[in-house]
Amino acid sequence: MSARGASALRTFHPLVRAWFTETLGSPSEPQRQGWPAIASGDHTLVLAPTGTGKTLAAFLWELNALIVDGLAEPLPNAIRILYISPLKALNNDIQRNLERPLADLRQRFEQAGTVFPDIRVAVRTGDTPASARARMLRKTPHILITTPESLNILLTSTRGRGMFSDVRVVIVDEIHAVAGTKRGVHLALQLERLEALTGRSPQRIGLSATVRPVGEIAWFLAGTRNVGRGSPNEDRLDERPSGVRIIDCGPVKQLDIAVRSPVPDLANVGGSVWPKVIPLVLERVRESRTTLVFDNNRAQAERIAARLNALAEEEIAQPYHGSLARERRLTLEVALKAGELRALVATSSLQLGIDIGSVDLVNQLQSPKRVTSGLQRVGRAGHTLGETSRGVLVPTFRDDLVEIVAIAHAMREGDVEPTIVPQNALDVLAQTITAMVSVDDWRADDLFALVQRAYPYHRLSRAAFDEVVSMLAGKYPSDIAGELEARITWDRVNGMITGSRASRMLAVISGGMIPDRGLYAVTLPDRTRLGELDEEFVHESRVGDVFQLGSSTWRIATIEHDRVIVHPAPGAPARM
C-alpha cells in the first residue's frame, strides 16, 4: 500500500483498518481524499466517476465513528446516519453492501474478544411493507436508507419524527440526478426541515459523478447557513462556499467508446433500421460475458429483448424497467450478477449506481440525450476500480448519429452539461409549507427564514412567500378557485401559521415531485404482483387481450379501477 493510502487509513479503528486492507487493498483516490475531509466534520462533496468507491468513501468513516461510540456505550434507539438516494433499487443495493462488511467486522471484533455494537440498518421506501415500517418505530435503525419522498413522509409523521433525534450525518447519493429538478428543490427543503427538527446541523456529504458547475452543487448540498465566506447571490454561481470541502477526482475512469452504425448509409436505410440493429447487438452480446443494452423507453426495451431472443433462438436477454415488479427486478439483477443471464435490455432504471456485478460491455441504442447519462450508462461496464468502461453507441437515423458523435466526444473529454438548480419553485414551497404546519405551529418569520436557508430559495422575496401562504390560507386568484378549501390557517395578528389533520393527510398523499404516471398494477388472481402497465395501454386493452411483460405473455382476465388481473398465456401471440 502507498504511503498516501496508509495515511488515509491511519485514523480508523485498527480492526476496521485491517478489514479494509485485507478485503479491498489500497484506498481509491476519492477515499484517500474524502476520509480526511469527512473526518474534519465539514460538509463534503465528493465528485468521481462510477465505480471508484465513492459510497464507501462516504460511509466508512461514519461507520467507524458509529462502531467506536458503540464500543464505549450502548447506541441510542435513533438514526445516526441518514442515507438518501433518488432510486429505490439503489437503496436496497446499499443495504446489502453495508450488511456484508458489518458481518465481517462483527466476526473480526468477536475473534479479538470484543463485543461488537448492535448496529441496525434498514431501508424505508414506498416498497417497504407496513409491518417493517411499524417495526422501525419501535426498534429504530442506526443507519436509515431512504428516498427524498419517504424522508418527507417521516418528517410529517408525529411518531416518525422522533427517530431523527440523533442524526449526525446525511449522505446524499447521486446528487447530480436530482439537483437540477424540482425533486431536488423538494429535497433541499426537507434537509432544512431535518435541521430544524434536530436542533443541530448534521454533516452533509454529497456523492456525484462528474458535474458542473461545482459551486452550484456545493451550495445546493450545504444550503446558505454556516457555510463560511462567499455569497450565493451572484448571477452565476462560480464561487464555491468555503464551508464545503470539495473532493473533485475528475474523470479518472478509462473509457473505450465506439460509435457503430447498423447500416452503411443511414440516409438510405430502405425500410426499418431495427432488423439491422438487432444482429449488431446480438453479436456484441455473444462477444461478452455480460452486457447491458440501454434503450430510452420501456416498450422498446421489451421489443428488443424479444427480438434478441428470437434471433438467438435462446433466452439470451431479458427486459429491465420500472414497470416490472420489484421482486422481478431483483431476480434479474441476481441472474446477471451470477452469470446466469447474458444481457439485460434496460431503461434508465439501471443507469445509477446499482451493483449488478461485473459487466463487460454497454450497448446504447440511440442517443442517451445527455453526456451525464452516457457517462453513467457506459460506467456500468468495468465497474471495478482500474478497469476500462467499454461502450458501443448505436444510432438509428441521421440526426441521431450527429447527436451521438457529439455526445461521445464530450464523454471522452468529460465535458458534461451544466446542472442549474431551479429557483423559487412556488408549487414545491406550497407543498412543503402545508407539510410543515401540519405537524407544528410556525411563526411566519421563522418559516420564511428556514425556507431561505435552502439554496433553491435563497432569493425568495418575502412578498412571494406571503402570497403563497395567503393562497394556502384561502386567498385564491379567481371566483372559481375560491370554491377550494383553505389548506392552512394564517393568524396575521400574531404572525402564526397552523395546520389541521386534513392538511397532514394532504401533505402525506401529495408528498413529492415525482409526476403521477397513472400506472395500473398487474397481478395474478391471488394478488401476486407482476409489474405495472401504463394507463393509456390499459385503456386500449380489453378482457381477453394478450400482452407481453417481462418476456412472458399474459391474458387479461379482469380490468379493475387500479389493477389488471391476468392469467399466463404461454405461446399466444401478444403485443408489447
# chains A, B, ... in the order shown; residues from 1 in each chain; ligands from 1

call {"tool": "residues_around", "arguments": {"residues": "stretch 439-454 of chain A", "least_positions_apart": "5", "cutoff": "10 Å", "atoms": "only C-alpha atoms", "output": "compact mmCIF listing (two decimals) with C-alpha atoms, in the first residue's frame"}}
result
# COMPACT_ATOMS: atom_id res chain seq x y z
CA LEU A 155 -40.78 14.29 8.88
CA THR A 156 -44.55 14.81 8.55
CA SER A 157 -45.34 11.87 10.84
CA THR A 158 -45.83 12.51 14.55
CA ARG A 161 -40.06 12.37 13.52
CA VAL A 185 -35.73 21.53 -4.68
CA HIS A 186 -38.07 19.42 -2.54
CA LEU A 187 -35.09 17.54 -1.04
CA ALA A 188 -33.30 20.81 -0.17
CA LEU A 189 -36.32 21.89 1.87
CA GLN A 190 -36.50 18.51 3.63
CA LEU A 191 -32.86 18.86 4.70
CA GLU A 192 -33.65 22.23 6.27
CA ARG A 193 -36.70 20.69 7.99
CA GLU A 195 -32.02 20.60 10.84
CA ALA A 196 -34.91 22.47 12.45
CA TRP A 219 -24.40 25.44 -2.45
CA PHE A 220 -27.30 23.08 -3.17
CA LEU A 221 -25.84 20.48 -0.79
CA ALA A 222 -24.96 22.78 2.09
CA GLY A 223 -27.66 25.44 1.94
CA THR A 224 -26.88 29.04 2.81
CA ARG A 225 -26.39 28.76 6.58
CA ASN A 226 -23.00 28.40 8.22
CA ASN A 424 -38.16 29.84 -6.24
CA LEU A 429 -42.90 25.66 -1.50
CA THR A 432 -43.70 21.86 1.95
CA ILE A 433 -45.38 24.64 3.94
CA THR A 434 -48.54 22.52 4.15
CA ARG A 459 -33.50 34.77 -3.42
CA LEU A 460 -37.15 34.25 -2.48
CA SER A 461 -38.82 37.57 -1.65
CA ARG A 462 -40.99 37.97 1.41
CA PHE A 465 -43.65 33.88 0.34
CA ASP A 466 -46.62 35.76 1.82
CA VAL A 469 -49.15 31.39 2.44
CA THR A 489 -54.70 28.92 8.87
CA TRP A 490 -52.70 32.17 8.98
CA ASP A 491 -53.20 34.35 12.04
CA ARG A 492 -51.80 37.63 10.72
CA ASN A 494 -49.97 37.07 15.95
CA GLY A 495 -47.95 36.03 12.91
CA MET A 496 -48.71 32.29 13.40
CA ILE A 497 -49.35 29.67 10.71
CA THR A 498 -51.12 26.46 11.74
CA GLY A 499 -52.45 23.35 10.02
CA SER A 500 -55.02 20.66 10.66
CA ARG A 501 -55.49 16.90 10.38
CA SER A 503 -53.59 19.33 5.89
CA ARG A 504 -51.46 16.46 7.21

call {"tool": "select_by_dssp", "arguments": {"residues": "stretch 290-486 of chain A", "states": "strand (DSSP E or B)", "output": "list in words"}}
result
Thr291, Leu292, Val293, Phe294, Ala317, Gln318, Pro319, Tyr320, Leu324, Ala343, Leu344, Val345, Ala346, Leu361, Val362, Asn363, Gln364, Leu365, Ser389, Arg390, Gly391, Val392, Leu393, Val394, Pro418, Trp442 and Arg443 of chain A

call {"tool": "closest_atom_pairs", "arguments": {"of": "stretch 323-392 of chain A", "to": "stretch 536-556 of chain A", "cutoff": "10 Å", "atoms": "only C-alpha atoms", "output": "CSV"}}
result
residue,atom,partner,partner_atom,distance
A:Ser323,CA,A:Leu549,CA,8.7
A:Leu324,CA,A:Gly550,CA,6.8
A:Ala325,CA,A:Gly550,CA,9.4
A:Arg328,CA,A:Gly550,CA,8.3
A:Arg329,CA,A:Gly550,CA,9.5

call {"tool": "write_last_selection", "arguments": {"atoms": "N, CA and C atoms", "output": "short mmCIF file (atom, residue, chain, number, x, y, z; two decimals), in the first residue's frame"}}
result
data_model
loop_
_atom_site.label_atom_id
_atom_site.label_comp_id
_atom_site.auth_asym_id
_atom_site.auth_seq_id
_atom_site.Cartn_x
_atom_site.Cartn_y
_atom_site.Cartn_z
N SER A 323 -41.50 -0.70 -14.79
CA SER A 323 -42.84 -1.29 -14.74
C SER A 323 -42.83 -2.72 -14.22
N LEU A 324 -41.66 -3.33 -14.14
CA LEU A 324 -41.58 -4.68 -13.59
C LEU A 324 -41.68 -4.63 -12.07
N ALA A 325 -42.24 -5.66 -11.49
CA ALA A 325 -42.34 -5.74 -10.03
C ALA A 325 -40.94 -5.77 -9.41
N ARG A 328 -39.24 -9.08 -9.41
CA ARG A 328 -38.75 -9.47 -10.73
C ARG A 328 -37.43 -8.77 -11.04
N ARG A 329 -37.34 -7.48 -10.72
CA ARG A 329 -36.10 -6.73 -10.97
C ARG A 329 -34.95 -7.32 -10.16
#

call {"tool": "atom_distance", "arguments": {"atom1": "atom CA of A:Trp35", "atom2": "atom CA of A:Val378"}}
result
27.2 Å

call {"tool": "residues_around", "arguments": {"residues": "A:Phe12", "least_positions_apart": "5", "cutoff": "12 Å", "atoms": "only C-alpha atoms", "output": "PyMOL selection string"}}
result
chain A and resi 6-7+17-21+35-36+39+60-68

call {"tool": "write_last_selection", "arguments": {"atoms": "N, CA and C atoms", "output": "PDB file, in the first residue's frame"}}
result
ATOM      1  N   ALA A   6      -1.928   4.488   3.295  1.00  0.00           N
ATOM      2  CA  ALA A   6      -1.762   4.170   4.712  1.00  0.00           C
ATOM      3  C   ALA A   6      -2.114   5.369   5.578  1.00  0.00           C
ATOM      4  N   SER A   7      -1.770   6.572   5.113  1.00  0.00           N
ATOM      5  CA  SER A   7      -2.070   7.778   5.877  1.00  0.00           C
ATOM      6  C   SER A   7      -3.576   8.008   5.978  1.00  0.00           C
ATOM      7  N   ARG A  17      -9.406  -0.862  10.009  1.00  0.00           N
ATOM      8  CA  ARG A  17      -8.294  -0.665   9.068  1.00  0.00           C
ATOM      9  C   ARG A  17      -7.807  -2.002   8.515  1.00  0.00           C
ATOM     10  N   ALA A  18      -7.696  -3.003   9.381  1.00  0.00           N
ATOM     11  CA  ALA A  18      -7.233  -4.326   8.933  1.00  0.00           C
ATOM     12  C   ALA A  18      -8.246  -4.953   7.975  1.00  0.00           C
ATOM     13  N   TRP A  19      -9.532  -4.813   8.299  1.00  0.00           N
ATOM     14  CA  TRP A  19     -10.565  -5.364   7.396  1.00  0.00           C
ATOM     15  C   TRP A  19     -10.454  -4.741   6.011  1.00  0.00           C
ATOM     16  N   PHE A  20     -10.288  -3.421   5.946  1.00  0.00           N
ATOM     17  CA  PHE A  20     -10.256  -2.752   4.640  1.00  0.00           C
ATOM     18  C   PHE A  20      -9.054  -3.214   3.824  1.00  0.00           C
ATOM     19  N   THR A  21      -7.872  -3.207   4.428  1.00  0.00           N
ATOM     20  CA  THR A  21      -6.670  -3.543   3.674  1.00  0.00           C
ATOM     21  C   THR A  21      -6.667  -5.000   3.228  1.00  0.00           C
ATOM     22  N   TRP A  35     -11.815  10.773   3.076  1.00  0.00           N
ATOM     23  CA  TRP A  35     -11.870  10.444   4.505  1.00  0.00           C
ATOM     24  C   TRP A  35     -11.359  11.572   5.403  1.00  0.00           C
ATOM     25  N   PRO A  36     -10.216  12.196   5.098  1.00  0.00           N
ATOM     26  CA  PRO A  36      -9.786  13.308   5.964  1.00  0.00           C
ATOM     27  C   PRO A  36     -10.779  14.477   5.946  1.00  0.00           C
ATOM     28  N   ALA A  39     -13.754  13.420   8.015  1.00  0.00           N
ATOM     29  CA  ALA A  39     -13.370  13.364   9.434  1.00  0.00           C
ATOM     30  C   ALA A  39     -13.294  14.753  10.055  1.00  0.00           C
ATOM     31  N   LEU A  60     -17.542   4.780   5.250  1.00  0.00           N
ATOM     32  CA  LEU A  60     -16.642   4.050   6.139  1.00  0.00           C
ATOM     33  C   LEU A  60     -16.219   4.883   7.352  1.00  0.00           C
ATOM     34  N   TRP A  61     -15.925   6.181   7.155  1.00  0.00           N
ATOM     35  CA  TRP A  61     -15.533   6.974   8.317  1.00  0.00           C
ATOM     36  C   TRP A  61     -16.688   7.098   9.302  1.00  0.00           C
ATOM     37  N   GLU A  62     -17.898   7.329   8.801  1.00  0.00           N
ATOM     38  CA  GLU A  62     -19.053   7.464   9.694  1.00  0.00           C
ATOM     39  C   GLU A  62     -19.366   6.133  10.362  1.00  0.00           C
ATOM     40  N   LEU A  63     -19.202   5.037   9.636  1.00  0.00           N
ATOM     41  CA  LEU A  63     -19.416   3.718  10.221  1.00  0.00           C
ATOM     42  C   LEU A  63     -18.378   3.435  11.293  1.00  0.00           C
ATOM     43  N   ASN A  64     -17.150   3.836  11.035  1.00  0.00           N
ATOM     44  CA  ASN A  64     -16.082   3.688  12.020  1.00  0.00           C
ATOM     45  C   ASN A  64     -16.411   4.462  13.299  1.00  0.00           C
ATOM     46  N   ALA A  65     -16.895   5.711  13.143  1.00  0.00           N
ATOM     47  CA  ALA A  65     -17.269   6.519  14.315  1.00  0.00           C
ATOM     48  C   ALA A  65     -18.421   5.876  15.077  1.00  0.00           C
ATOM     49  N   LEU A  66     -19.370   5.283  14.352  1.00  0.00           N
ATOM     50  CA  LEU A  66     -20.507   4.613  14.987  1.00  0.00           C
ATOM     51  C   LEU A  66     -20.029   3.403  15.799  1.00  0.00           C
ATOM     52  N   ILE A  67     -19.073   2.652  15.240  1.00  0.00           N
ATOM     53  CA  ILE A  67     -18.526   1.487  15.950  1.00  0.00           C
ATOM     54  C   ILE A  67     -17.786   1.924  17.209  1.00  0.00           C
ATOM     55  N   VAL A  68     -16.957   2.951  17.087  1.00  0.00           N
ATOM     56  CA  VAL A  68     -16.185   3.427  18.238  1.00  0.00           C
ATOM     57  C   VAL A  68     -17.112   3.901  19.357  1.00  0.00           C
TER      58      VAL A  68
END

call {"tool": "select_by_dssp", "arguments": {"residues": "stretch 179-342 of chain A", "states": "helix (DSSP H, G or I)", "output": "PyMOL selection string"}}
result
chain A and resi 179+182-198+214-222+274-287+298-312+326-337

call {"tool": "residues_around", "arguments": {"residues": "A:Leu524", "least_positions_apart": "6", "cutoff": "7 Å", "atoms": "only C-alpha atoms", "output": "CSV table (one decimal) with all heavy atoms, in the first residue's frame"}}
result
chain,number,residue,atom,x,y,z
A,565,ILE,N,-55.9,-7.9,-13.7
A,565,ILE,CA,-55.7,-9.3,-13.3
A,565,ILE,C,-55.5,-10.2,-14.5
A,565,ILE,O,-56.3,-10.1,-15.5
A,565,ILE,CB,-56.9,-9.8,-12.4
A,565,ILE,CG1,-57.0,-8.9,-11.2
A,565,ILE,CG2,-56.7,-11.3,-12.0
A,565,ILE,CD1,-58.3,-9.2,-10.3
A,566,VAL,N,-54.5,-11.0,-14.5
A,566,VAL,CA,-54.1,-11.7,-15.7
A,566,VAL,C,-53.9,-13.2,-15.4
A,566,VAL,O,-53.7,-13.6,-14.2
A,566,VAL,CB,-52.8,-11.2,-16.3
A,566,VAL,CG1,-53.0,-9.7,-16.7
A,566,VAL,CG2,-51.6,-11.3,-15.3
A,567,HIS,N,-53.9,-14.0,-16.4
A,567,HIS,CA,-53.5,-15.4,-16.4
A,567,HIS,C,-52.3,-15.7,-17.3
A,567,HIS,O,-52.3,-15.0,-18.4
A,567,HIS,CB,-54.7,-16.3,-16.8
A,567,HIS,CG,-55.9,-16.3,-15.9
A,567,HIS,ND1,-55.8,-16.7,-14.6
A,567,HIS,CD2,-57.1,-15.8,-16.1
A,567,HIS,CE1,-57.0,-16.5,-14.0
A,567,HIS,NE2,-57.8,-15.9,-14.9

call {"tool": "closest_residue", "arguments": {"among": "A:Val428, A:Arg380, A:Glu560, A:Pro570", "to": "A:Ala507", "atoms": "only C-alpha atoms"}}
result
A:Val428

call {"tool": "atom_distance", "arguments": {"atom1": "atom CA of A:Pro422", "atom2": "atom CA of A:Ala177"}}
result
13.3 Å

call {"tool": "closest_atom_pairs", "arguments": {"of": "stretch 35-74 of chain A", "to": "stretch 241-250 of chain A", "cutoff": "7 Å", "atoms": "only C-alpha atoms", "output": "JSON lines"}}
result
{"residue": "A:Ala37", "atom": "CA", "partner": "A:Arg245", "partner_atom": "CA", "distance": 6.4}
{"residue": "A:Asp42", "atom": "CA", "partner": "A:Val244", "partner_atom": "CA", "distance": 6.2}
{"residue": "A:His43", "atom": "CA", "partner": "A:Val244", "partner_atom": "CA", "distance": 4.8}
{"residue": "A:Thr44", "atom": "CA", "partner": "A:Arg245", "partner_atom": "CA", "distance": 4.6}
{"residue": "A:Leu45", "atom": "CA", "partner": "A:Ile246", "partner_atom": "CA", "distance": 4.8}
{"residue": "A:Val46", "atom": "CA", "partner": "A:Ile247", "partner_atom": "CA", "distance": 4.7}
{"residue": "A:Leu47", "atom": "CA", "partner": "A:Asp248", "partner_atom": "CA", "distance": 4.7}
{"residue": "A:Ala48", "atom": "CA", "partner": "A:Cys249", "partner_atom": "CA", "distance": 5.2}
